[in-house]
Amino acid sequence: MKLNTLFASFLFLFFCHSVRAQEPQTIDVFAGYSFTRINTSSISGLGAFSVQGGELSVSYKATRWFTAVADFGISAAGPHNSDIVGIQTHGMQTTYLFGPRISPVHWRRITPFAQALFGLAHATHGLYDTSGSQNSFAWTAGGGIDYRLNGNFSLRPFQVEFLQSKFSELGNGPQYQNDVRASTGLILHF
């Protein structure tokens with residue numbers, strides 16, 4: 001009787017270990033380069049300009065196709081002329097975004113995904129030519145592709161998103177900025 005119980009326990013533990021080994025890795029860390037084309041409102045006349053920086057995200061894979069994402073980005077622009085004569089803008093923008101990522105299809109090493117993230121954005125005083133730094137609600141919607149290099153690393157050749165924030169521009173009150181953000185980088189799997 002004890003031998004049967006011991007054998008059944010061994011099979012149960014062996015089976016549980018085998019099932020666990022087939023589950024996907026659950027935590028990923030992405031670090032990479034980010035390019036954002038900021039499109040200011042037509043009311044302010046500041047025009048469009050680019051900022052460059054980095055992006056870091058941590059994601060938790062809850063199921064094979066659903067992932068929770070925390071994304072942090074920082075971008076900066078050096079002094080550049082706006083569309084208004086005599087006004088130069090410069091500064092930094094940071095984003096703190098959270099939300100779901102869906103990856104319903106997996107092909108061997110390639111995993112396309114779509115995501116929608118929501119959170120906060122912070123801009124320094126010179127970016128939109130205001131007297132002080134400011135905070136805004138921000139959201140993104142977009143997607144990309146991950147290419148698995150090996151068991152521990154993947155390459156994200158591209159991720160493209162629509163990024164919307166609502167900062168004050170030239171003291172005209174809150175205006176929508178409809179931006180495009182593109183990223184590329186490496187993913188570390190845990």
# chains A, B, ... in the order shown; residues from 1 in each chain; ligands from 1

call {"tool": "residues_around", "arguments": {"residues": "A:Ala182", "least_positions_apart": "5", "cutoff": "10 Å", "atoms": "only C-alpha atoms", "output": "ChimeraX atom specification"}}
result
/A:33-37,52,142-144,158-162

call {"tool": "write_last_selection", "arguments": {"atoms": "C-alpha atoms", "output": "CSV table (one decimal), in the first residue's frame"}}
result
chain,number,residue,atom,x,y,z
A,33,TYR,CA,16.0,53.2,-28.3
A,34,SER,CA,12.9,55.4,-28.8
A,35,PHE,CA,12.1,58.0,-31.4
A,36,THR,CA,9.0,60.2,-31.1
A,37,ARG,CA,7.6,62.6,-33.6
A,52,GLN,CA,14.9,60.8,-29.0
A,142,GLY,CA,0.1,50.2,-31.3
A,143,GLY,CA,2.1,47.1,-31.8
A,144,GLY,CA,5.2,45.4,-32.9
A,158,PHE,CA,10.2,47.6,-34.3
A,159,GLN,CA,7.4,48.8,-32.1
A,160,VAL,CA,5.2,51.6,-33.4
A,161,GLU,CA,2.6,53.4,-31.4
A,162,PHE,CA,0.2,56.4,-31.5

call {"tool": "residues_around", "arguments": {"residues": "stretch 111-123 of chain A", "least_positions_apart": "5", "cutoff": "8 Å", "atoms": "only C-alpha atoms", "output": "VMD selection string"}}
result
chain A and resid 69 91 to 106 128 133 to 147 165 167

call {"tool": "closest_residue", "arguments": {"among": "A:Pro157, A:Gly171, A:Gly73, A:Gly151", "to": "A:Ser131", "atoms": "only C-alpha atoms"}}
result
A:Gly171

call {"tool": "atom_distance", "arguments": {"atom1": "atom CA of A:Leu149", "atom2": "atom CA of A:Ile74"}}
result
26.5 Å

call {"tool": "atom_distance", "arguments": {"atom1": "atom CA of A:Thr124", "atom2": "atom CA of A:Leu56"}}
result
19.9 Å

call {"tool": "select_by_dssp", "arguments": {"residues": "stretch 37-111 of chain A", "states": "strand (DSSP E or B)", "output": "VMD selection string"}}
result
chain A and resid 37 to 39 48 to 61 66 to 81 88 to 102 107 110 to 111

call {"tool": "closest_residue", "arguments": {"among": "A:Ser183, A:Ser41, A:Gln175, A:Ser75", "to": "A:Gly53", "atoms": "only C-alpha atoms"}}
result
A:Ser75

call {"tool": "atom_distance", "arguments": {"atom1": "atom CA of A:Ser154", "atom2": "atom CA of A:Ile38"}}
result
28.5 Å

call {"tool": "closest_residue", "arguments": {"among": "A:Ile110, A:Leu163, A:Leu186, A:Ile87", "to": "A:Asp129", "atoms": "only C-alpha atoms"}}
result
A:Ile87
